[in-house]
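See below for the structure under consideration.
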Amino acid sequence: MQSITINGRFLGQPLSGVQRFARELTLALDRKIAAGAVPAALKGASWRLAVPGNTPVDLELSAIKTDSFGSGPGHVWEQTALLARSRGGRLIGFGGSGPLLHRRQMVIIHDVTIFRHPQSFKRSYRLLHGALGTVLTRTAKIGTVSEFSRQELASVFRVSAAGIDVVYNAVDHFAAIEPDEIIIERLGLKTNGFFLLVGTMKPNKNLDFAIRAFEALGDISQKLVVVGGTAPSVFKSDGPQSNDRLLFPGRLTDAEIAALERHATAFVFPSLYEGFGIPPLEAMTQGCPVLAADIPAVREASGDAALYFDPTRRDELVVAMQRIATDEVLRDDLRCRGHENVTRFSWDGSADRILAMLEKL
């Protein structure tokens, strides 16, 4: 019986876009396997989610078995214990890394931010992931999350773009969330009385740019809520502090973020570089108008459902904030466009792409 192993190292990492991608695709694959909706070449395969020993597993799976084993730092576990356990079968890595000596694996590399914005990362992190990407793009079947990122990977690692598959992110998980409205009262907010940002304070996310634009806006009827945290082991910035009009509540639950999005004047996404750009789509599922940086990956994901601005020109964001705060018709139009736009993406559709890639291994 053939075996297919999913690298479950993501379960021991803080939840961000990469880990969300891995979690939702694992769940979508589990649903398809349970329903028998897999290619003929994969029917009868034994599926397992491999995780480092003592890693909490909070995914409810019915067709994929959990296999906990080994110990040690994540990359060491991948290159030793995971390699030994998965040898002879197919291996899936959703987080941009995997055992370099495995010759029958597919790996999703989400972007090349470490090369385009190296100042956002520590040197050790850049060197390690740069080396992993260089080897894996030559030895593994590679996927990524957008057409833009496919061209970026091909350019940086000097490989053919034709050999890289696109597996889009999706947001149907977020659309089903029951918002936690208590957060609105706890933060002292009112409907259409605040702008919302969600992200880490690393340089390429450009949050400081958006904060300065909000300050330049000078609209005392509006506040700015910045949700997220920093990862000191990877990133360099510590971030600013809260005041009467700038709120930094730290990391919040998805339910709390969904509630904020339902009441916000607009969701602001000022990033300088993305492989896909999932936060604007999550906001769209909640009927939140989106102001987004005019960069290729975000254009690809958000289509005509956002009001765009140049993320290097503060005056453009100030004007966009003024427009969205005062134009109810524009807000309603963006809400409608947003709901339509998110229907282009689904985790089940992306799981079909993963299965097709596995079939070709």
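Numbering starts fresh at 1 for the residues of each chain in the structure tokens, the chains themselves are lettered A, B, ... in the order given, and ligands are numbered from 1 as they appear.
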**Prompt:** What's the 8 Å shell around Arg262 in chain A, counting only C-alpha atoms, without same-chain residues fewer than 4 positions away, as a PyMOL selection string?
**Reply:** chain A and resi 258+286-288
| field | Non-local contacts of Gln19 in chain A (12 Å; only C-alpha atoms; under 6 positions in same chain excluded) as a PyMOL selection string | value | chain A and resi 7-13+25-26+93-96+108+110+169
Which parts of range 291-356 of chain A does DSSP call alpha helix (DSSP H) when run on the backbone here, written out as a ChimeraX atom specification?
-> /A:296-302,314-326,328-341,347-356
(request) Just the residues within 7 Å of range 188-195 of chain A, please, counting only C-alpha atoms, with nothing from its chain fewer than 2 positions along; format it as number ranges by chain. (result) A: 184-186, 197, 221-225, 263-268
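Using only C-alpha atoms, the contacts of range 323-332 of chain A at a cut-off of 7 Å, with sequence neighbours closer than 4 positions omitted, comprise Thr265, Pro289, Val319 and Cys336 of chain A.
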Just the selected residues (C-alpha atoms), exported as an mmCIF file, in the first residue's frame, please.
data_model
loop_
_atom_site.group_PDB
_atom_site.id
_atom_site.type_symbol
_atom_site.label_atom_id
_atom_site.label_comp_id
_atom_site.auth_asym_id
_atom_site.auth_seq_id
_atom_site.Cartn_x
_atom_site.Cartn_y
_atom_site.Cartn_z
ATOM 1 C CA THR A 265 -15.139 51.831 8.291
ATOM 2 C CA PRO A 289 -14.737 47.568 2.516
ATOM 3 C CA VAL A 319 -7.294 60.382 0.188
ATOM 4 C CA CYS A 336 -20.914 43.736 -2.848
#
